[in-house]
Structure formats: C-alpha cells, structure tokens
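Visitor: Sharing start13.tsv below, TSV, C-alpha atoms:
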```tsv
chain	number	residue	atom	x	y	z
A	14	MET	CA	165.50	252.61	259.48
A	15	LYS	CA	166.43	250.80	256.30
A	16	LYS	CA	168.18	253.04	253.79
A	17	ILE	CA	167.77	252.52	250.06
A	18	ILE	CA	169.97	254.49	247.69
A	19	GLY	CA	169.30	254.58	243.97
A	20	LEU	CA	172.41	255.35	241.93
A	21	VAL	CA	172.03	257.04	238.59
A	22	GLY	CA	174.60	258.46	236.20
A	23	GLU	CA	175.81	258.24	232.62
A	24	ILE	CA	177.85	255.29	231.32
A	25	ALA	CA	181.06	254.78	233.32
A	26	SER	CA	180.45	257.77	235.59
A	27	GLY	CA	181.43	255.81	238.69
A	28	LYS	CA	178.18	254.21	239.82
A	29	GLY	CA	179.86	250.82	240.02
A	30	THR	CA	182.74	252.25	242.07
A	31	VAL	CA	180.34	253.89	244.48
A	32	SER	CA	178.26	250.77	244.88
A	33	LYS	CA	181.35	248.59	245.37
A	34	TYR	CA	182.58	250.96	248.07
A	35	LEU	CA	179.22	250.90	249.81
A	36	GLN	CA	179.22	247.13	249.62
A	37	GLU	CA	182.70	246.69	251.04
A	38	LYS	CA	182.82	249.51	253.59
A	39	HIS	CA	179.22	249.84	254.61
A	40	ASN	CA	177.96	246.29	254.15
A	41	ALA	CA	175.39	247.35	251.57
A	42	LYS	CA	173.49	244.87	249.44
A	43	VAL	CA	173.64	245.89	245.79
A	44	TYR	CA	170.93	245.26	243.23
A	45	ARG	CA	171.08	246.21	239.59
A	46	PHE	CA	168.06	246.65	237.36
A	47	SER	CA	170.06	244.80	234.75
A	48	ASP	CA	170.64	241.71	236.94
A	49	VAL	CA	167.37	240.16	235.96
A	50	LEU	CA	167.96	241.08	232.31
A	51	ARG	CA	171.36	239.39	232.40
A	52	GLU	CA	169.84	236.29	234.00
A	53	ILE	CA	167.19	236.09	231.30
A	54	LEU	CA	169.72	236.54	228.48
A	55	SER	CA	171.80	233.72	229.87
A	56	VAL	CA	168.77	231.41	230.08
A	57	LEU	CA	168.27	232.18	226.36
A	58	TYR	CA	171.95	231.61	225.47
A	59	LEU	CA	172.15	235.21	224.20
A	60	ASP	CA	175.19	237.46	224.62
A	61	CYS	CA	175.01	239.96	227.49
A	62	ASP	CA	175.92	242.96	225.37
A	63	ARG	CA	174.43	246.42	225.64
A	64	LYS	CA	172.27	245.90	222.56
A	65	ASN	CA	170.59	242.74	223.86
A	66	LEU	CA	170.17	244.24	227.32
A	67	SER	CA	168.34	247.27	226.00
A	68	GLU	CA	166.34	245.22	223.50
A	69	LEU	CA	165.16	242.93	226.28
A	70	SER	CA	164.36	245.79	228.62
A	71	LEU	CA	162.36	247.48	225.87
A	72	CYS	CA	160.30	244.46	224.87
A	73	LEU	CA	159.56	243.52	228.48
A	74	ARG	CA	158.26	247.02	229.10
A	75	GLU	CA	156.24	247.04	225.90
A	76	THR	CA	154.66	243.70	226.69
A	77	PHE	CA	154.07	243.99	230.42
A	78	GLY	CA	154.13	247.73	231.12
A	79	GLU	CA	156.70	250.33	232.07
A	80	ASP	CA	156.76	249.31	235.74
A	81	ILE	CA	157.67	245.67	235.21
A	82	LEU	CA	161.35	245.93	236.14
A	83	SER	CA	160.68	248.24	239.06
A	84	ASN	CA	157.99	245.91	240.34
A	85	ALA	CA	160.26	242.87	240.12
A	86	LEU	CA	163.07	244.66	241.91
A	87	VAL	CA	161.02	246.35	244.62
A	88	ARG	CA	159.76	242.96	245.78
A	89	LYS	CA	163.28	241.66	246.12
A	90	VAL	CA	164.41	244.77	247.97
A	91	LEU	CA	161.52	244.77	250.43
A	92	ASN	CA	162.31	241.18	251.36
A	93	ASP	CA	165.97	241.98	251.93
A	94	GLU	CA	167.20	242.30	255.52
A	95	HIS	CA	170.19	244.59	254.93
A	96	ASP	CA	170.14	248.07	256.53
A	97	LEU	CA	171.61	249.63	253.42
A	98	ILE	CA	170.47	248.69	249.94
A	99	ILE	CA	171.83	250.07	246.70
A	100	LEU	CA	170.01	250.12	243.39
A	101	ASP	CA	172.84	250.40	240.95
A	102	GLY	CA	172.06	251.75	237.50
A	103	VAL	CA	168.69	253.46	237.69
A	104	ARG	CA	167.93	254.51	234.12
A	105	ARG	CA	164.37	255.73	233.89
A	106	LYS	CA	161.97	257.58	236.12
A	107	GLU	CA	159.45	254.75	235.72
A	108	GLU	CA	161.88	252.47	237.52
A	109	LEU	CA	161.52	254.65	240.61
A	110	LYS	CA	157.76	254.46	240.68
A	111	PHE	CA	157.54	252.04	243.62
A	112	PHE	CA	160.75	253.16	245.30
A	113	ASP	CA	159.71	256.80	245.56
A	114	GLU	CA	156.97	255.71	247.93
A	115	ILE	CA	159.33	253.90	250.28
A	116	GLU	CA	160.48	255.86	253.29
A	117	GLY	CA	164.27	256.07	253.42
A	118	PHE	CA	164.74	256.04	249.66
A	119	GLN	CA	167.21	258.53	248.15
A	120	LEU	CA	168.25	259.08	244.55
A	121	VAL	CA	171.93	259.93	244.06
A	122	TYR	CA	173.24	261.17	240.71
A	123	VAL	CA	176.94	260.52	239.95
A	124	GLU	CA	178.46	262.97	237.51
A	125	CYS	CA	181.75	262.85	235.59
A	126	ASP	CA	183.38	264.35	232.51
A	127	ILE	CA	182.85	262.48	229.21
A	128	LYS	CA	186.58	262.06	228.44
A	129	ASP	CA	187.25	260.36	231.75
A	130	ARG	CA	184.26	258.17	231.27
A	131	TYR	CA	185.41	257.11	227.82
A	132	LYS	CA	188.79	256.09	229.22
A	133	ARG	CA	187.11	253.92	231.85
A	134	ILE	CA	184.74	252.18	229.52
A	135	ILE	CA	187.58	251.09	227.25
A	136	GLU	CA	189.65	249.86	230.17
A	137	ARG	CA	186.97	247.78	231.84
A	138	GLY	CA	185.28	246.10	228.86
A	139	GLU	CA	182.25	245.06	230.93
A	140	ASN	CA	180.08	244.55	227.89
A	141	MET	CA	181.27	242.63	224.86
A	142	ASP	CA	180.95	245.56	222.49
A	143	ASP	CA	182.73	248.15	224.68
A	144	LYS	CA	186.34	247.32	223.88
A	145	ASN	CA	186.34	248.43	220.25
A	146	LYS	CA	184.43	251.65	220.76
A	147	THR	CA	185.92	254.91	219.41
A	148	PHE	CA	185.40	258.23	221.21
A	149	GLU	CA	183.03	259.23	218.39
A	150	ASP	CA	180.96	256.06	218.87
A	151	PHE	CA	180.90	256.78	222.58
A	152	LYS	CA	179.66	260.33	222.06
A	153	LYS	CA	176.97	259.04	219.74
A	154	ASP	CA	175.79	256.59	222.40
A	155	HIS	CA	174.85	259.63	224.45
A	156	GLU	CA	172.24	260.72	221.94
A	157	ARG	CA	170.22	257.56	222.52
A	158	ASP	CA	166.88	257.93	224.21
A	159	ALA	CA	168.07	255.84	227.14
A	160	GLU	CA	171.00	258.15	227.82
A	161	ILE	CA	168.90	261.29	227.53
A	162	ARG	CA	166.53	259.87	230.11
A	163	ILE	CA	169.42	259.26	232.47
A	164	ARG	CA	170.47	262.92	232.31
A	165	GLU	CA	166.90	263.95	232.98
A	166	LEU	CA	167.02	262.13	236.30
A	167	LYS	CA	169.61	264.58	237.61
A	168	GLU	CA	166.80	267.01	238.37
A	169	ARG	CA	165.01	264.45	240.45
A	170	ALA	CA	168.08	263.43	242.40
A	171	ASP	CA	168.20	264.07	246.14
A	172	LYS	CA	172.01	264.37	245.95
A	173	VAL	CA	174.54	264.93	243.16
A	174	ILE	CA	178.07	263.58	243.52
A	175	ASP	CA	180.82	265.08	241.38
A	176	ASN	CA	183.30	262.33	240.42
A	177	ASP	CA	186.01	264.37	238.69
A	178	GLY	CA	188.49	264.05	241.53
A	179	SER	CA	190.36	261.21	243.21
A	180	LEU	CA	188.84	258.00	244.52
A	181	GLU	CA	189.38	259.24	248.04
A	182	GLU	CA	187.40	262.37	247.37
A	183	LEU	CA	184.64	260.26	245.90
A	184	TYR	CA	184.53	258.03	248.96
A	185	ASP	CA	184.39	261.06	251.28
A	186	LYS	CA	181.39	262.40	249.42
A	187	VAL	CA	179.66	259.05	249.70
A	188	ASP	CA	180.38	258.85	253.44
A	189	LYS	CA	178.88	262.30	253.91
A	190	ILE	CA	175.67	261.30	252.21
A	191	LEU	CA	175.35	258.34	254.56
A	192	THR	CA	175.97	260.33	257.75
A	193	ASN	CA	173.90	263.35	256.79
A	194	GLY	CA	171.01	261.24	255.56
B	3	MET	CA	176.35	206.26	221.72
B	4	GLU	CA	173.60	208.11	219.93
B	5	LYS	CA	170.90	209.51	222.15
B	6	ILE	CA	167.18	208.98	221.71
B	7	VAL	CA	165.63	212.46	221.58
B	8	LEU	CA	161.84	212.46	221.72
B	9	GLY	CA	159.78	215.54	221.00
B	10	ILE	CA	156.31	215.27	222.55
B	11	THR	CA	153.44	217.17	221.02
B	12	GLY	CA	149.67	217.20	221.18
B	13	GLU	CA	146.85	219.55	222.13
B	14	ILE	CA	146.34	221.07	225.59
B	15	ALA	CA	146.06	218.33	228.24
B	16	GLY	CA	146.58	215.64	225.61
B	17	GLY	CA	148.94	213.77	227.92
B	18	LYS	CA	152.30	215.33	227.05
B	19	GLY	CA	153.22	215.83	230.68
B	20	THR	CA	152.12	212.31	231.63
B	21	ILE	CA	154.25	210.80	228.88
B	22	THR	CA	157.21	212.94	229.87
B	23	ALA	CA	156.89	211.97	233.53
B	24	TYR	CA	156.62	208.28	232.59
B	25	LEU	CA	159.72	208.44	230.40
B	26	GLU	CA	161.58	210.11	233.25
B	27	ASP	CA	160.43	207.68	235.94
B	28	LYS	CA	160.47	204.39	234.05
B	29	HIS	CA	163.06	204.93	231.35
B	30	GLY	CA	165.48	207.29	233.10
B	31	ALA	CA	164.92	210.09	230.59
B	32	SER	CA	165.94	213.69	231.17
B	33	SER	CA	163.49	216.32	230.07
B	34	ALA	CA	163.70	219.69	228.42
B	35	LYS	CA	160.52	221.74	228.26
B	36	PHE	CA	159.80	224.63	225.94
B	37	SER	CA	157.88	226.23	228.74
B	38	SER	CA	160.63	226.00	231.34
B	39	ALA	CA	162.52	228.97	229.93
B	40	LEU	CA	159.20	230.87	229.84
B	41	ARG	CA	158.29	229.92	233.41
B	42	ASP	CA	161.77	230.86	234.51
B	43	VAL	CA	161.34	234.33	233.02
B	44	ALA	CA	157.85	234.75	234.51
B	45	LYS	CA	159.23	233.84	237.94
B	46	ARG	CA	162.09	236.30	237.69
B	47	MET	CA	159.73	239.07	236.63
B	48	HIS	CA	157.16	238.18	239.34
B	49	LEU	CA	154.50	237.55	236.71
B	50	GLU	CA	151.77	235.03	237.32
B	51	GLU	CA	152.55	231.78	235.49
B	52	ASN	CA	149.34	231.54	233.51
B	53	ARG	CA	148.94	230.49	229.92
B	54	GLU	CA	148.37	234.07	228.75
B	55	ASN	CA	151.58	235.43	230.29
B	56	LEU	CA	153.66	232.48	229.09
B	57	GLN	CA	152.41	232.99	225.57
B	58	LYS	CA	153.11	236.70	225.74
B	59	ILE	CA	156.68	235.99	226.81
B	60	SER	CA	157.10	233.47	224.03
B	61	THR	CA	155.78	235.86	221.37
B	62	MET	CA	157.89	238.68	222.76
B	63	PHE	CA	161.12	236.67	222.47
B	64	ARG	CA	160.28	235.39	219.00
B	65	GLU	CA	159.42	238.82	217.66
B	66	ASN	CA	162.28	240.73	219.24
B	67	PHE	CA	165.16	238.29	219.14
B	68	ASN	CA	164.54	235.52	216.67
B	69	GLY	CA	161.68	233.31	215.61
B	70	ASN	CA	163.47	230.12	216.60
B	71	ILE	CA	164.85	231.30	219.89
B	72	LEU	CA	163.05	228.75	222.05
B	73	SER	CA	164.10	225.91	219.78
B	74	GLU	CA	167.65	227.16	220.01
B	75	VAL	CA	167.47	227.18	223.78
B	76	ILE	CA	166.16	223.61	223.77
B	77	TYR	CA	168.77	222.59	221.21
B	78	GLU	CA	171.58	223.89	223.45
B	79	ASP	CA	170.00	222.42	226.60
B	80	VAL	CA	169.66	218.99	224.95
B	81	LYS	CA	173.24	219.03	223.68
B	82	GLU	CA	174.43	219.48	227.26
B	83	MET	CA	172.34	216.61	228.61
B	84	LYS	CA	174.01	213.27	229.16
B	85	SER	CA	171.09	210.82	229.41
B	86	GLU	CA	170.47	208.12	226.84
B	87	ILE	CA	166.86	209.26	226.44
B	88	ILE	CA	165.88	212.92	226.34
B	89	VAL	CA	162.29	214.14	226.19
B	90	ILE	CA	161.35	217.52	224.80
B	91	ASP	CA	157.93	218.41	226.11
B	92	GLY	CA	155.72	221.00	224.46
B	93	VAL	CA	156.80	221.11	220.83
B	94	ARG	CA	154.23	223.44	219.31
B	95	ARG	CA	155.25	224.71	215.92
B	96	MET	CA	156.34	223.37	212.56
B	97	ALA	CA	159.36	225.66	212.74
B	98	ASP	CA	160.38	224.10	216.07
B	99	ILE	CA	160.37	220.68	214.43
B	100	GLU	CA	162.45	221.79	211.49
B	101	PHE	CA	165.00	223.01	214.00
B	102	LEU	CA	164.89	220.02	216.34
B	103	LYS	CA	165.28	217.56	213.47
B	104	ARG	CA	168.91	218.68	213.40
B	105	LEU	CA	169.42	216.93	216.72
B	106	PRO	CA	170.79	213.44	216.00
B	107	GLY	CA	168.27	210.77	217.00
B	108	PHE	CA	165.27	213.11	217.09
B	109	ARG	CA	161.75	211.58	216.82
B	110	LEU	CA	158.36	213.24	217.22
B	111	ILE	CA	155.52	211.64	219.22
B	112	TYR	CA	151.99	213.06	218.89
B	113	THR	CA	149.54	212.26	221.67
B	114	ASP	CA	145.91	212.24	220.65
B	115	ALA	CA	142.87	212.52	222.95
B	116	SER	CA	139.30	213.77	222.57
B	117	MET	CA	138.31	217.32	223.52
B	118	GLU	CA	136.03	216.03	226.33
B	119	ASN	CA	138.73	213.87	227.88
B	120	ARG	CA	141.22	216.69	227.71
B	121	PHE	CA	138.82	219.19	229.28
B	122	GLU	CA	138.18	216.85	232.18
B	123	ARG	CA	141.90	216.51	232.74
B	124	ILE	CA	142.77	220.20	232.50
B	125	THR	CA	140.21	221.24	235.11
B	126	GLN	CA	141.50	218.54	237.43
B	127	ARG	CA	145.17	219.38	237.30
B	128	GLY	CA	145.20	223.21	237.52
B	129	GLU	CA	148.81	223.54	236.27
B	130	ASN	CA	148.25	227.15	235.28
B	131	ALA	CA	146.65	229.69	237.55
B	132	ASP	CA	143.72	230.23	235.17
B	133	ASP	CA	142.93	226.55	234.44
B	134	ASN	CA	140.74	225.72	237.44
B	135	THR	CA	137.95	228.14	236.64
B	136	LYS	CA	137.77	227.41	232.91
B	137	THR	CA	134.43	226.40	231.35
B	138	PHE	CA	134.17	223.94	228.46
B	139	GLU	CA	133.34	226.91	226.21
B	140	ASP	CA	136.50	228.78	227.32
B	141	PHE	CA	138.47	225.62	226.68
B	142	LYS	CA	137.09	225.23	223.17
B	143	LYS	CA	137.96	228.87	222.48
B	144	ASP	CA	141.56	228.31	223.59
B	145	HIS	CA	141.83	225.93	220.63
B	146	GLU	CA	141.21	228.69	218.12
B	147	ARG	CA	144.46	230.44	219.07
B	148	GLU	CA	147.11	230.30	216.44
B	149	ALA	CA	149.46	228.32	218.66
B	150	GLU	CA	146.90	225.56	219.11
B	151	LEU	CA	145.90	225.44	215.46
B	152	GLN	CA	149.48	224.70	214.48
B	153	ILE	CA	149.65	221.78	216.88
B	154	LYS	CA	146.96	219.80	215.06
B	155	GLY	CA	148.99	219.99	211.88
B	156	LEU	CA	151.95	218.41	213.63
B	157	LYS	CA	150.16	215.07	213.73
B	158	ASN	CA	151.17	214.53	210.09
B	159	GLU	CA	154.79	215.18	210.95
B	160	ALA	CA	154.91	212.75	213.85
B	161	ASP	CA	157.01	209.59	213.72
B	162	PHE	CA	154.60	208.04	216.24
B	163	VAL	CA	150.99	208.82	217.19
B	164	VAL	CA	149.74	207.49	220.54
B	165	ASP	CA	146.06	207.28	221.48
B	166	ASN	CA	145.42	208.64	224.96
B	167	ASN	CA	141.68	208.07	225.29
B	168	GLY	CA	142.10	204.95	227.31
B	169	THR	CA	143.70	204.06	230.63
B	170	LEU	CA	147.12	205.14	231.82
B	171	LYS	CA	148.33	201.58	231.42
B	172	GLU	CA	147.30	201.55	227.79
B	173	LEU	CA	149.19	204.80	227.26
B	174	TYR	CA	152.31	203.48	229.00
B	175	ASP	CA	152.22	200.27	226.92
B	176	GLN	CA	152.31	202.32	223.73
B	177	ILE	CA	155.29	204.29	225.02
B	178	ASP	CA	157.16	201.15	226.10
B	179	LYS	CA	156.69	199.72	222.63
B	180	ILE	CA	158.11	202.86	221.00
B	181	ILE	CA	161.17	202.87	223.26
B	182	LYS	CA	161.76	199.16	222.72
B	183	GLY	CA	161.62	199.64	218.96
B	184	LEU	CA	164.04	202.56	219.02
B	185	LYS	CA	166.53	200.76	221.23
B	186	GLU	CA	166.51	197.72	218.95
B	187	LYS	CA	167.18	199.91	215.95
B	188	LYS	CA	170.31	201.42	217.46
```
I need this file expressed as structure tokens, please.
Guide:
Amino acid sequence: MKKIIGLVGEIASGKGTVSKYLQEKHNAKVYRFSDVLREILSVLYLDCDRKNLSELSLCLRETFGEDILSNALVRKVLNDEHDLIILDGVRRKEELKFFDEIEGFQLVYVECDIKDRYKRIIERGENMDDKNKTFEDFKKDHERDAEIRIRELKERADKVIDNDGSLEELYDKVDKILTNG
Amino acid sequence: MEKIVLGITGEIAGGKGTITAYLEDKHGASSAKFSSALRDVAKRMHLEENRENLQKISTMFRENFNGNILSEVIYEDVKEMKSEIIVIDGVRRMADIEFLKRLPGFRLIYTDASMENRFERITQRGENADDNTKTFEDFKKDHEREAELQIKGLKNEADFVVDNNGTLKELYDQIDKIIKGLKEKK
C-alpha cells in the first residue's frame, strides 16, 4: 500500500532533513505545500521570502477557500506512482482535510529545541530574510498565528520525533516509523 | 534596434486574440498576454479557467501585492523577449497603459466591434469554460463589470483604432497598414 507521510514541525526543526533522508534512502517523492506558492511567486517576479509566501497563501485561501492548497496538492499526490510520498511542511489542519481520508496517511511531528533551531536557520539562509535575523526576532516569529497553528498540530500527530540528538539518532527514529507503520 | 511593442485592447471578443494570432503568424511577433500569468496560476491551483476565477486571481494579486503587478510581469516578460515585434494581448486598464508606455516603442491598438458581432463570436469559440452557455443577456451584463467599463475608455488612449465588423481580410489589411507605417518610421 502507498504510504503518505505528512511532516509538521516548527521552523528549522528538521523537517527538511527528514524528508531529504526519506528521499535518498527510501526513494520517497517529496512535495511541499509551498512549492506551488514558490512557483506562483516566480511567475510574478516576486521574491520568495517568508513574507510573500505567507501573504500569497493567505490571499489564496481567502479568495478560494481554506482547502485550496490541500486540494491542489492531493491531486498531485494521488496521481503519483511512488510507494512513499512525503508532504513536507504541513502548517495548518485545513491542509490535511483531504489527506486524512486517504488510507496510509500518517502525520509526523518533528520537535526540536528553539536554540538549536535558531542556529540552523541562520546557517542555511533558505529564505532571503533569514540571514539577518536576531534570536529575539526569531522568538517573535513564533508568536505568529501560523506558528501557533503548527504547534497545535502536535496533538493530531500520529507520531512525534524528538530531534535533539545526532543525525544518526534522527534517522533511526525515521526508519522505525517506516517499519512499524 | 528598437522593438515594436503593440498593446491590444478592446471589449470581450472584439478580435484581440485574432489580431494577436495574425501578428504572430504573418509578422513573426512574440506575444505576452495579461491572462497567461492568471491562467498559469489557475492551472497550478487546479481551478477551472473561467472568466470569474481569472478575474478573482487578478483582483487578489492587485489588492494583496500591488496594483500594477500584472503590468510589471508583462513589462519584465517583454524585456526578455527578442523579437522585433511584440504583442501584448488583453490590456484592460488605464493604469496598465501608464505602466506599459515606459516600454520603448509601445503603441496601443483598440479593436472595435458591435455587441451583436462580439456575442456571436464568443459563443462560437468557447475559450472559457462558461462561455458556451452564455445568453445575450448574460453577455450584456458582463459589460457592466468594472473591468469592462474601463476598456471602453481606452479607445481614447489608443494610437490606432481598427474596425472589426467586417471580414477577416479587412481586419488583416488594417493591421498590415499599421505595421508598415511603424516600420517605415523606424
């Protein structure tokens, strides 16, 4: 049976690392809710920073309904032939609406201490505005509605992975989730 | 060499697409459409590409990012194009024109046709999912939308007005004349 794993966790908690590992070691196909947002921003010649991403996500949902991103993604996923599919970066329970109904779907919450996460976000600079962030700025980011909603998803998760240890420990935990279903 | 950049405007089914296709086929023009970014977004979001959704997307971008965003997209697209003639199909607002005038070599063409002729054409082509089932009354109502009201006013801004109540050949002749004139001027 096809397995679909939704990854959720706060900024820089290790979702990307987990999904990369699943991609490389377990031949998973990775989808991100933000992929389509990034594609749209680039069509519009707008910067792919966190502000534009969340602005776009918000106005799409306001205009076309809360399910719009979930609907767009679920269609892609259902047409995909891979045995293992990862949804990287689940952010809101509405995004799970259609996935919850699919047999073989699991929500996995990745958890990690805020100081470690701050270190990572500065190092990777994935979004244009990340590099100059202070620890105070970073803490403030966590008060945003979007971040609060992410933490709320922990309760709904089928599994919680603690990412305060080494990479190897993280990978072991991921492997266990795959073998134990 | 300076490019010839032609903005095409006119009411729904006034012949904008026909003119654009002719310029592409006969004059080797490249085209940039206001609606192509909108259709692109609709496709990616799995939304039906009907007039209502495309307008919602357009309004959403203008209100949340910037009022001229679609003109800016076209502006950047056109700058990257290499052809001698570039057609911009679907110029709809005064503000778009103000923006596009900054493109060197920009000219606006307005295509004019009667409501009856345009209705006949729109029901035949079915470009948008909701066009085929439209009644003449629905069609007249579409013209009361703000977007359509603005288009009429663009006639005064146009460098050229073509009359598209006649045959295709008559339309093409008017376009050929415009292109010839612009090339001679260069």
Visitor: Against chain A, which residues of chain B fall within 7 Å? For each one I want the closest pair of atoms and the distance in Å (one decimal), counting all atoms listed in the file, rows by chain and increasing residue number, as a Markdown table.
Guide:
```
| residue | atom | partner | partner_atom | distance |
| --- | --- | --- | --- | --- |
| B:Ala39 | CA | A:Val56 | CA | 6.7 |
| B:Val43 | CA | A:Ile53 | CA | 6.3 |
| B:Arg46 | CA | A:Val49 | CA | 6.8 |
| B:Met47 | CA | A:Ala85 | CA | 5.2 |
| B:His48 | CA | A:Ala85 | CA | 5.7 |
| B:Met62 | CA | A:Cys72 | CA | 6.6 |
| B:Val75 | CA | A:Leu57 | CA | 5.7 |
```
Visitor: Could you check the closest approach to Phe101 (chain B) for each of B:Thr22, B:Gly9, B:Gly17, B:Glu118 and tell me which residue wins, using all atoms listed in the file?
Guide: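 Counting all atoms listed in the file, the residue closest to Phe101 (chain B) is B:Gly9.
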Visitor: Please work out which residues fall within 12 Å of (157.0, 222.4, 221.0), coordinates as given in the file, with all atoms listed in the file counting, and return them as a ChimeraX atom specification.
Guide: /B:8-14,18,34-38,60,70-77,89-102,110-112,149-150,152-154,156
Visitor: Calculate how many Å separate CA of Glu94 (chain A) from CA of Gly117 (chain A), rounding to one decimal.
Guide: 14.2 Å
Visitor: Compare B:Glu159, B:Ile59, B:Glu51, B:Glu86 by their minimum atom-to-atom distance to Lys188 (chain B), counting all atoms listed in the file, and give me the closest one.
Guide: B:Glu86
Visitor: Distance CA of Tyr24 (chain B)-CA of Lys179 (chain B), one decimal place?
Guide: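 So the answer is 13.1 Å.
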Visitor: At a cut-off of 12 Å around the point (168.5, 249.2, 259.1) (file coordinates), what residues fall inside when counting all atoms listed in the file? I'd like the answer as a PyMOL selection string.
Guide: chain A and resi 14-17+39-42+91+93-98+116-117
Visitor: Of the residues A:Ile163, A:Ile24, A:Val43, A:Val31, which is the one nearest to Asp185 (chain A), using all atoms listed in the file?
Guide: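 Ranking A:Ile163, A:Ile24, A:Val43, A:Val31 by distance to Asp185 (chain A), first place goes to A:Val31.
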